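Undergrad: Dropping a structure here in structure tokens format, bear with me for questions.
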There are 2 protein chains.
Amino acid sequence: MALFKVQALYDFEGESNSAELSIVAGEVLSVTRVDIGEGWWEGLNSRGQSGLFPEAYVQKVEDSGPPSVPPPALPPQSDWGAGQQDDDWDDEWDNDDTYSEVTNNTQREAYAHEPNQNQYSYGSGQVDNVSESNFSVDNKAQHKKSLNIFSSYVKSGLESYIFGTLKDIPLHTKVRIFRENDNVFRWELISEPYTVQVTSPKKASKMGGLKSFIAYQLTPSFTGIEVSRRYKHFDWLHNRLSEKFNIVALPPLPDKQISGRYEEHFIEHRRVQLQEFVNYVCRHPVLSTCDVWRHFLTCTNDKQWKEGKRKAERDQLVGANFCLCVEAPDKDLLASTIESKIDSSISYINQVDQCMKALMQTATDQQKKCENLYKREHTKIGESFFSLGVAFESREGGLFSDLATDIKKIGTTYIEIAKLCEDQAKIDWQPLTDKLYLYRGITSSYPDIFSMQKHAEQKKKECERNSQIPLVQITEVRKRTDVLTYSVFAELDHFQNEMNTEFKSAMKSFLQEQVNYYQNIVSRLEDTLRRFE
Amino acid sequence: MALFKVQALYDFEGESNSAELSIVAGEVLSVTRVDIGEGWWEGLNSRGQSGLFPEAYVQKVEDSGPPSVPPPALPPQSDWGAGQQDDDWDDEWDNDDTYSEVTNNTQREAYAHEPNQNQYSYGSGQVDNVSESNFSVDNKAQHKKSLNIFSSYVKSGLESYIFGTLKDIPLHTKVRIFRENDNVFRWELISEPYTVQVTSPKKASKMGGLKSFIAYQLTPSFTGIEVSRRYKHFDWLHNRLSEKFNIVALPPLPDKQISGRYEEHFIEHRRVQLQEFVNYVCRHPVLSTCDVWRHFLTCTNDKQWKEGKRKAERDQLVGANFCLCVEAPDKDLLASTIESKIDSSISYINQVDQCMKALMQTATDQQKKCENLYKREHTKIGESFFSLGVAFESREGGLFSDLATDIKKIGTTYIEIAKLCEDQAKIDWQPLTDKLYLYRGITSSYPDIFSMQKHAEQKKKECERNSQIPLVQITEVRKRTDVLTYSVFAELDHFQNEMNTEFKSAMKSFLQEQVNYYQNIVSRLEDTLRRFE
């Protein structure tokens with residue numbers, strides 16, 4: 001049954017031998033299912049072919065005919081991913097996705113224009129009045145919004161924190177900031193450091209093979225127990241973390257990608273990128289100890305997973321309110337120190353971001369050139385020599401067969417070098433690109449963090465100037481603002497230290513791989529040269 | 001005084017601060033002097049500017065107005081290059097050029113369509129009736145013709161030789177071919193091998209600085225006396241050698257070039273190419289011993305130069321008739337052996353030529369890419385790292401200045417590598433290109449050589465079949481044809497041996513330079529890597 005009609009905005013080439021349907025920009029399709037998940041819809045084209053295509057590639061056609069279609073009835077849970085241990089909670093997930101996909105835009109916009117509503121504390125009061133699925137939807141819409149603009153949500157969450165509107169919340173975890181010296185403030189180190197290995201991406205499928213996906217295995221060193229997570233689980237986790245930790249610059253997940261998702265190189269590369277993400281989180285004193293992350297790393301049980309998921313989604317200590325859990329030095333910060341430190345950090349982060357962007361562009365470009373241009377050039381060199389060798393060989397009587405063989409050998413040497421060149425990019429330029437991608441993702445959070453800090457300072461000053469506010473309350477506001485600023489300093493310090501260590505190691509391995517590469521070329525050329533001596 | 005009008009065929013950009021005049025395709029110029037030499041004319045443009053431009057860039061406008069202009073009066077010798085020892089004979093040279101340039105095309109064409117005239121023996125009979133300068137002109141026109149087509153001249157010269165029409169010519173020099181084995185025939189080796197160094201290209205000028213030129217110094221090992229020769233002298237020599245030695249595959253001179261002639265790199269590169277040419281001639285048993293070459297290498301005196309020049313231009317043992325000086329094995333060659341050997345050589349030379357062409361294209365292309373593309377890419381890499389280092393340095397307090405400095409050092413290392421890359425092309429790809437240029441020039445003579453040999457065989461067979469020709473004459477024809485074929489075999493053998501030795505050495509130094517280059521990169525990267533350890 002067709003739910004509604006859509007028109008393709010872009011061409012999409014479906015993978016052959018899959019459930020995917022190729023679509024051509026402009027063609028009209030009848031959507032038959034929107035509950036596939038992961039941004040996929042099922043539909044029928046005018047030739048009667050049916051299959052999956054990306055939701056983002058089409059737009060709804062508003063025909064004046066039948067009335068607008070209500071969201072489809074949810075299928076019974078027992079129909080979903082039955083028998084697959086780590087996919088048992090996909091149902092709910094897919095439902096969430098589905099619902100949010102058909103949620104109408106007017107509703108989303110409405111949230112963005114209600115500045116007085118306490119958006120960041122979306123776990124409080126009102127939530128109990130809405131259904132479970134509605135909650136998820138709002139949550140998601142809100143998050144999408146906050147990615148696009150430094151919106152009123154941030155300010156609102158901030159005001160809730162500064163003025164202490166959130167009362168009687170149990171604070172399970174405390175994060176402490178200590179003073180290293182007059183200028184340096186640090187998150188207290190993780191008491192029990194650990195690592196997590198991301199391994200063995202496996203292709204699996206559900207809905208009787210209609211849709212397949214990749215699951216990655218995560219093994220935390222503190223449990224030794226493997227859990228299986230899909231990209232969409234990481235995505236959910238990332239949303240939770242970015243809602244909760246407005247003062248933490250989060251590492252990014254690898255890009256979503258629609259085509260080539262099942263190619264071996266893509267899967268392995270995504271595993272490496274997820275490992276980078278996981279490593280950064282594991283080393284972060286705040287992130288590595290938070291509940292939702294621990295839940296993500298350790299939960300192996302469907303029921304517990306759902307409980308943990310709901311708990312995370314209801315968390316009230318999100319946004320600026322997370323600072324309620326931060327224990328900062330008791331000493332008041334000087335306004336002048338704060339301002340100069342924040343301003344120099346803004347300029348520094350901005351400059352580093354620009355330069356990382358340029359180097360990342362160069363690295364991506366070089367990787368492509370190694371795999372195409374340079375490989376092709378070396379192959380051409382190799383082929384030119386080889387052909388000359390063959391021509392020399394053609395001399396009757398084979399008088400100069402030694403030279404002919406040696407010139408052919410020059411040819412094969414350069415063809416080998418062409419292959420080296422292609423392979424090389426994956427072990428020098430690509431890891432460098434990945435590192436830069438990670439750190440650019442982190443620096444991209446800083447404008448919002450700085451902006452929030454500046455806004456908090458401004459609120460504090462407004463209070464200080466307002467003679468109607470009692471002193472005891474001003475002291476509270478000042479204290480909370482300082483905690484937030486201390487948090488920003490601690491976060492900046494952590495970021496700096498991480499970047500220093502990680503870049504040092506990334507540069508070292510880049511250089512080492514470049515040395516190996518050129519050394520390898522030297523060895524091969526020397527071998528060939530010996531034939532001429 | 002305007003001699004005649006010409007219209008520019010191409011744009012020509014004159015070098016600034018020189019006597020050159022920039023011209024634009026289509027514009028009409030009044031030619032004021034045609035006696036500049038080296039392919040230059042002097043003229044006036046419509047804006048009244050006067051200067052030199054290449055003759056080849058313009059064509060004469062045949063206006064119906066004034067009658068066609070006679071050749072200009074020759075300037076008195078005393079006006080020319082006075083005081084310059086090695087330029088004393090330029091007058092005559094330039095006069096020759098001048099005259100040939102204004103000689104009308106109809107006359108040249110006439111030669112091409114008189115197949116029965118014994119063109120190759122242009123030193124005989126008729127020559128005494130024409131003036132010195134007329135002789136030179138015809139000579140030049142003839143040579144130009146024979147470069148363009150495998151013309152009747154070749155066949156005519158050939159017939160003169162086969163039928164022995166050239167009588168009572170003193171044969172000063174004999175060149176001997178010996179039998180190495182059943183299949184291999186060789187030119188007898190040079191009894192006293194020698195070398196010639198081409199050194200110190202010097203810029204000099206004449207006509208009071210109006211025209212400047214480059215003179216190269218040549219020092220033969222057997223005299224130790226330096227002689228000074230210009231490109232045009234080499235060009236004259238090359239013309240003499242190619243007229244005289246139709247059965248010898250001559251090495252080519254470097255290309256004529258009009259723009260950038262006075263750039264240091266161009267001059268030095270031309271010196272290297274002339275050295276290659278000279279080396280090949282010195283090692284060639286026939287070329288290295290011939291009179292005109294010896295004259296070119298040793299003459300330091302104006303009067304003797306002119307005598308030698310005239311003698312060379314009057315030489316009657318040119319073209320196929322040169323074979324009269326060849327002493328070949330007495331044994332008759334078998335027609336079947338000849339044919340299979342020639343045919344396999346044709347296919348071999350053709351294949352080698354094609355492959356040399358491809359490799360030369362690759363080498364030229366790689367040289368350009370090293371000097372532009374690869375240099376630019378490495379510079380971009382260097383700059384990207386360097387900027388990131390600078391950004392890291394900008395962090396207040398200079399906390400991470402070590403890493404900043406080290407990343408900047410990666411940047412400078414790649415910028416150094418970019419420079420290496422640019423310089424490298426001149427020591428690996430360019431010498432390889434030069435070698436290929438030389439050998440391609442040589443192989444390009446072979447189609448004419450093979451064609452002449454095939455034509456001789458055909459003539460011989462016609463004689464054998466012709467019952468009216470007396471046996472004694474047939475025996476003579478057969479003997480002379482065999483001498484020519486032996487010469488072709490000896491020349492092929494020489495070419496093969498030279499190519500084998502020279503390519504072996506060229507490939508070796510190419511590889512050695514590539515090894516050095518990559519080794520150099522490894523060292524620099526290793527130095528930089530050590531900072532990270």
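How things are named: the first chain in the structure tokens is A, the next is B, and so on; residues count from 1 in each chain; ligands count from 1 in the order shown.
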Env of stretch 189-200 of chain A: 8 Å cut, atoms = only C-alpha atoms, seq-sep filter 3 positions within chain, self excluded. Answer as a list in words.

TA: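 With the cut-off at 8 Å, the set is Tyr216, Gln217, Leu218, Thr219, Pro220, Ser221, Phe222, Arg271, Val272, Leu274, Gln275, Val278, Asn279, Cys282, Arg283, His284, Pro285, Ser288 and Thr289 of chain A.
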
Undergrad: Would you save the residues from that selection as a PDB file, in the first residue's frame, using N, CA and C atoms?

TA:
ATOM      1  N   TYR A 216      30.047  -3.751  14.842  1.00  0.00           N
ATOM      2  CA  TYR A 216      31.436  -3.718  15.322  1.00  0.00           C
ATOM      3  C   TYR A 216      31.480  -4.306  16.723  1.00  0.00           C
ATOM      4  N   GLN A 217      32.551  -4.998  17.038  1.00  0.00           N
ATOM      5  CA  GLN A 217      32.691  -5.615  18.357  1.00  0.00           C
ATOM      6  C   GLN A 217      33.572  -4.727  19.236  1.00  0.00           C
ATOM      7  N   LEU A 218      33.058  -4.409  20.424  1.00  0.00           N
ATOM      8  CA  LEU A 218      33.803  -3.563  21.368  1.00  0.00           C
ATOM      9  C   LEU A 218      34.151  -4.384  22.604  1.00  0.00           C
ATOM     10  N   THR A 219      35.428  -4.368  22.977  1.00  0.00           N
ATOM     11  CA  THR A 219      35.833  -5.091  24.181  1.00  0.00           C
ATOM     12  C   THR A 219      36.540  -4.150  25.153  1.00  0.00           C
ATOM     13  N   PRO A 220      35.868  -3.740  26.257  1.00  0.00           N
ATOM     14  CA  PRO A 220      36.517  -2.875  27.240  1.00  0.00           C
ATOM     15  C   PRO A 220      37.506  -3.703  28.062  1.00  0.00           C
ATOM     16  N   SER A 221      38.659  -3.095  28.371  1.00  0.00           N
ATOM     17  CA  SER A 221      39.679  -3.838  29.122  1.00  0.00           C
ATOM     18  C   SER A 221      39.205  -4.172  30.532  1.00  0.00           C
ATOM     19  N   PHE A 222      38.255  -3.416  31.085  1.00  0.00           N
ATOM     20  CA  PHE A 222      37.845  -3.675  32.470  1.00  0.00           C
ATOM     21  C   PHE A 222      36.799  -4.786  32.587  1.00  0.00           C
ATOM     22  N   ARG A 271      35.936   1.263  11.044  1.00  0.00           N
ATOM     23  CA  ARG A 271      36.338   0.642  12.310  1.00  0.00           C
ATOM     24  C   ARG A 271      37.486   1.463  12.929  1.00  0.00           C
ATOM     25  N   VAL A 272      38.479   1.809  12.094  1.00  0.00           N
ATOM     26  CA  VAL A 272      39.618   2.582  12.586  1.00  0.00           C
ATOM     27  C   VAL A 272      39.144   3.930  13.134  1.00  0.00           C
ATOM     28  N   LEU A 274      36.147   4.650  14.295  1.00  0.00           N
ATOM     29  CA  LEU A 274      35.397   4.431  15.539  1.00  0.00           C
ATOM     30  C   LEU A 274      36.368   4.159  16.684  1.00  0.00           C
ATOM     31  N   GLN A 275      37.439   3.440  16.388  1.00  0.00           N
ATOM     32  CA  GLN A 275      38.462   3.181  17.413  1.00  0.00           C
ATOM     33  C   GLN A 275      39.056   4.511  17.904  1.00  0.00           C
ATOM     34  N   VAL A 278      36.502   6.110  20.147  1.00  0.00           N
ATOM     35  CA  VAL A 278      36.453   5.382  21.411  1.00  0.00           C
ATOM     36  C   VAL A 278      37.689   5.716  22.263  1.00  0.00           C
ATOM     37  N   ASN A 279      38.865   5.750  21.622  1.00  0.00           N
ATOM     38  CA  ASN A 279      40.094   6.072  22.359  1.00  0.00           C
ATOM     39  C   ASN A 279      39.995   7.440  23.034  1.00  0.00           C
ATOM     40  N   CYS A 282      37.648   7.243  25.991  1.00  0.00           N
ATOM     41  CA  CYS A 282      38.255   6.477  27.093  1.00  0.00           C
ATOM     42  C   CYS A 282      39.270   7.311  27.877  1.00  0.00           C
ATOM     43  N   ARG A 283      39.979   8.178  27.182  1.00  0.00           N
ATOM     44  CA  ARG A 283      41.009   8.967  27.866  1.00  0.00           C
ATOM     45  C   ARG A 283      40.445  10.233  28.514  1.00  0.00           C
ATOM     46  N   HIS A 284      39.178  10.544  28.230  1.00  0.00           N
ATOM     47  CA  HIS A 284      38.630  11.802  28.736  1.00  0.00           C
ATOM     48  C   HIS A 284      38.077  11.591  30.147  1.00  0.00           C
ATOM     49  N   PRO A 285      38.573  12.346  31.149  1.00  0.00           N
ATOM     50  CA  PRO A 285      38.176  12.112  32.535  1.00  0.00           C
ATOM     51  C   PRO A 285      36.670  12.236  32.765  1.00  0.00           C
ATOM     52  N   SER A 288      34.734   9.394  29.989  1.00  0.00           N
ATOM     53  CA  SER A 288      35.038   7.982  30.209  1.00  0.00           C
ATOM     54  C   SER A 288      34.335   7.420  31.452  1.00  0.00           C
ATOM     55  N   THR A 289      33.872   8.308  32.325  1.00  0.00           N
ATOM     56  CA  THR A 289      33.254   7.822  33.556  1.00  0.00           C
ATOM     57  C   THR A 289      31.734   7.990  33.574  1.00  0.00           C
TER      58      THR A 289
END

Undergrad: Please list as a tab-separated table (two decimals) with N, CA and C atoms, in the first residue's frame every residue within 8 Å of A:Val184, counting only C-alpha atoms and excluding residues in the same chain fewer than 3 positions away.

TA:
chain	number	residue	atom	x	y	z
A	179	ARG	N	43.73	22.44	40.69
A	179	ARG	CA	44.57	23.52	40.22
A	179	ARG	C	46.00	23.02	40.10
A	180	GLU	N	46.50	22.96	38.89
A	180	GLU	CA	47.88	22.49	38.65
A	180	GLU	C	48.85	23.60	39.02
A	181	ASN	N	48.57	24.82	38.52
A	181	ASN	CA	49.30	26.02	38.95
A	181	ASN	C	48.38	27.22	38.68
A	489	PHE	N	38.09	25.84	31.24
A	489	PHE	CA	39.57	25.82	31.32
A	489	PHE	C	40.10	24.39	31.38
A	490	ALA	N	39.45	23.58	32.21
A	490	ALA	CA	39.91	22.19	32.36
A	490	ALA	C	39.77	21.44	31.04
A	493	ASP	N	42.44	22.57	28.67
A	493	ASP	CA	43.71	21.97	29.06
A	493	ASP	C	43.79	20.51	28.62

Undergrad: Return the neighbours of chain B among the residues of chain A, cut-off 7 Å, counting only C-alpha atoms, as a CSV table (one decimal) with C-alpha atoms, in the first residue's frame.

TA:
chain,number,residue,atom,x,y,z
A,348,TYR,CA,44.2,30.0,19.1
A,351,GLN,CA,43.9,29.4,13.9
A,352,VAL,CA,44.6,25.7,14.7
A,355,CYS,CA,45.4,25.1,9.7
A,356,MET,CA,44.1,21.6,10.4
A,358,ALA,CA,44.2,23.1,5.2
A,359,LEU,CA,46.5,20.1,6.2
A,362,THR,CA,46.2,18.4,1.6
A,381,ILE,CA,57.1,5.3,-16.5
A,384,SER,CA,57.6,3.0,-21.2
A,385,PHE,CA,60.8,1.3,-20.0
A,387,SER,CA,58.2,-1.6,-23.9
A,388,LEU,CA,61.7,-0.5,-24.8
A,391,ALA,CA,61.7,-3.8,-28.4
A,392,PHE,CA,65.4,-4.5,-27.7
A,394,SER,CA,63.1,-8.3,-30.7
A,395,ARG,CA,66.5,-8.0,-32.3
A,403,LEU,CA,70.3,-5.2,-21.8
A,504,LYS,CA,53.2,14.1,18.2
A,508,LYS,CA,55.9,10.5,14.1
A,511,LEU,CA,57.1,10.4,9.0
A,512,GLN,CA,58.1,6.8,9.8
A,515,VAL,CA,60.6,7.0,5.4
A,518,TYR,CA,61.0,6.0,0.2
A,519,GLN,CA,63.4,3.5,1.7
A,522,VAL,CA,65.5,3.0,-2.8
A,525,LEU,CA,65.9,0.7,-7.4
A,526,GLU,CA,69.2,-0.4,-6.0
A,529,LEU,CA,70.7,-0.8,-10.5
A,532,PHE,CA,73.8,-2.6,-14.6

Undergrad: Point out the residue among A:Tyr446, A:Trp429, A:Tyr161, A:Phe53 with the least atom-to-atom distance to A:Cys323, counting only C-alpha atoms.

TA: A:Tyr161

Undergrad: List the neighbours of stretch 29-46 of chain B out to 6 Å using only C-alpha atoms; skip same-chain residues closer than 2 positions along the sequence, and give me the result as a list in words.

TA: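 Final neighbour list, sorted by chain and number: Met1, Ala2, Leu3, Phe4, Lys5, Val6, Gly48, Gln49, Ser50, Gly51, Leu52, Phe53, Pro54, Glu55, Asp94 and Thr98 of chain B.
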
Undergrad: Export, as a PDB file, in the first residue's frame, the selected residues with N, CA and C atoms.

TA:
ATOM      1  N   MET B   1      65.991  51.472 -46.213  1.00  0.00           N
ATOM      2  CA  MET B   1      65.219  51.245 -47.444  1.00  0.00           C
ATOM      3  C   MET B   1      64.498  49.900 -47.399  1.00  0.00           C
ATOM      4  N   ALA B   2      63.204  49.925 -47.618  1.00  0.00           N
ATOM      5  CA  ALA B   2      62.445  48.666 -47.586  1.00  0.00           C
ATOM      6  C   ALA B   2      62.763  47.817 -48.812  1.00  0.00           C
ATOM      7  N   LEU B   3      63.140  46.573 -48.597  1.00  0.00           N
ATOM      8  CA  LEU B   3      63.464  45.672 -49.698  1.00  0.00           C
ATOM      9  C   LEU B   3      62.193  45.068 -50.273  1.00  0.00           C
ATOM     10  N   PHE B   4      61.347  44.615 -49.385  1.00  0.00           N
ATOM     11  CA  PHE B   4      60.053  44.051 -49.795  1.00  0.00           C
ATOM     12  C   PHE B   4      59.180  43.971 -48.552  1.00  0.00           C
ATOM     13  N   LYS B   5      57.929  43.612 -48.769  1.00  0.00           N
ATOM     14  CA  LYS B   5      56.999  43.528 -47.635  1.00  0.00           C
ATOM     15  C   LYS B   5      56.712  42.068 -47.292  1.00  0.00           C
ATOM     16  N   VAL B   6      56.526  41.849 -45.998  1.00  0.00           N
ATOM     17  CA  VAL B   6      56.168  40.497 -45.554  1.00  0.00           C
ATOM     18  C   VAL B   6      54.978  40.594 -44.600  1.00  0.00           C
ATOM     19  N   GLY B  48      56.479  52.268 -37.077  1.00  0.00           N
ATOM     20  CA  GLY B  48      57.797  52.853 -37.262  1.00  0.00           C
ATOM     21  C   GLY B  48      58.883  52.208 -36.411  1.00  0.00           C
ATOM     22  N   GLN B  49      58.524  51.137 -35.655  1.00  0.00           N
ATOM     23  CA  GLN B  49      59.543  50.455 -34.852  1.00  0.00           C
ATOM     24  C   GLN B  49      60.341  49.511 -35.727  1.00  0.00           C
ATOM     25  N   SER B  50      61.635  49.468 -35.454  1.00  0.00           N
ATOM     26  CA  SER B  50      62.533  48.646 -36.262  1.00  0.00           C
ATOM     27  C   SER B  50      63.182  47.587 -35.380  1.00  0.00           C
ATOM     28  N   GLY B  51      63.441  46.410 -35.938  1.00  0.00           N
ATOM     29  CA  GLY B  51      64.125  45.384 -35.162  1.00  0.00           C
ATOM     30  C   GLY B  51      64.208  44.073 -35.916  1.00  0.00           C
ATOM     31  N   LEU B  52      64.718  43.060 -35.222  1.00  0.00           N
ATOM     32  CA  LEU B  52      64.937  41.750 -35.850  1.00  0.00           C
ATOM     33  C   LEU B  52      63.785  40.792 -35.512  1.00  0.00           C
ATOM     34  N   PHE B  53      63.452  39.946 -36.481  1.00  0.00           N
ATOM     35  CA  PHE B  53      62.449  38.905 -36.235  1.00  0.00           C
ATOM     36  C   PHE B  53      62.841  37.688 -37.059  1.00  0.00           C
ATOM     37  N   PRO B  54      62.325  36.511 -36.678  1.00  0.00           N
ATOM     38  CA  PRO B  54      62.724  35.312 -37.414  1.00  0.00           C
ATOM     39  C   PRO B  54      62.090  35.274 -38.808  1.00  0.00           C
ATOM     40  N   GLU B  55      62.919  35.019 -39.781  1.00  0.00           N
ATOM     41  CA  GLU B  55      62.467  34.931 -41.171  1.00  0.00           C
ATOM     42  C   GLU B  55      61.324  33.928 -41.321  1.00  0.00           C
ATOM     43  N   ASP B  94      76.889  34.385 -43.647  1.00  0.00           N
ATOM     44  CA  ASP B  94      75.663  35.161 -43.647  1.00  0.00           C
ATOM     45  C   ASP B  94      75.237  35.497 -45.069  1.00  0.00           C
ATOM     46  N   THR B  98      71.795  34.668 -46.662  1.00  0.00           N
ATOM     47  CA  THR B  98      71.007  35.743 -47.230  1.00  0.00           C
ATOM     48  C   THR B  98      70.569  35.384 -48.630  1.00  0.00           C
TER      49      THR B  98
END

Undergrad: Name the residues of stretch 161-350 of chain B that fall into helix (DSSP H, G or I) according to DSSP on the backbone, using the chain letters and numbers of this document, as JSON, numbers by chain.

TA: {"B": [161, 162, 231, 232, 233, 234, 235, 236, 237, 238, 239, 240, 241, 242, 243, 244, 264, 265, 266, 267, 268, 269, 270, 271, 272, 273, 274, 275, 276, 277, 278, 279, 280, 281, 282, 283, 287, 288, 289, 291, 292, 293, 294, 295, 296, 297, 298, 302, 303, 304, 305, 306, 307, 308, 309, 310, 311, 312, 313, 314, 319, 320, 321, 322, 323, 324, 325, 335, 336, 337, 338, 339, 340, 341, 342, 343, 344, 345, 346, 347, 348, 349, 350]}

Undergrad: One decimal, Å: what's the distance from atom CA of B:Ser228 over to atom CA of B:Ala215, could you say?

TA: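 Between these atoms lies a distance of 6.0 Å.
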
Undergrad: Counting only C-alpha atoms, which of B:Ala328, B:Val318, B:Ile415, B:Val24 gets nearest to B:Arg186?

TA: B:Ala328

Undergrad: With DSSP run on the backbone, what are the strand (DSSP E or B) residues within stretch 144-361 of chain A? I'd like them as a ChimeraX atom specification.

TA: /A:175-179,185-187,196-206,211-220,227-230,326-327

Undergrad: Could you check how far atom CA of A:Phe234 sits from atom CA of A:Ile23, in Å to one decimal?

TA: 28.9 Å

Undergrad: Could you give me, as a list in words, the residues within 12 Å of B:Glu263, counting only C-alpha atoms and dropping anything in the same chain fewer than 6 positions from it?

TA: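 The contact residues come out as Glu15, Pro201, Lys202, Lys203, Phe213, Ile214, Gln257, His269 and Arg270 of chain B.
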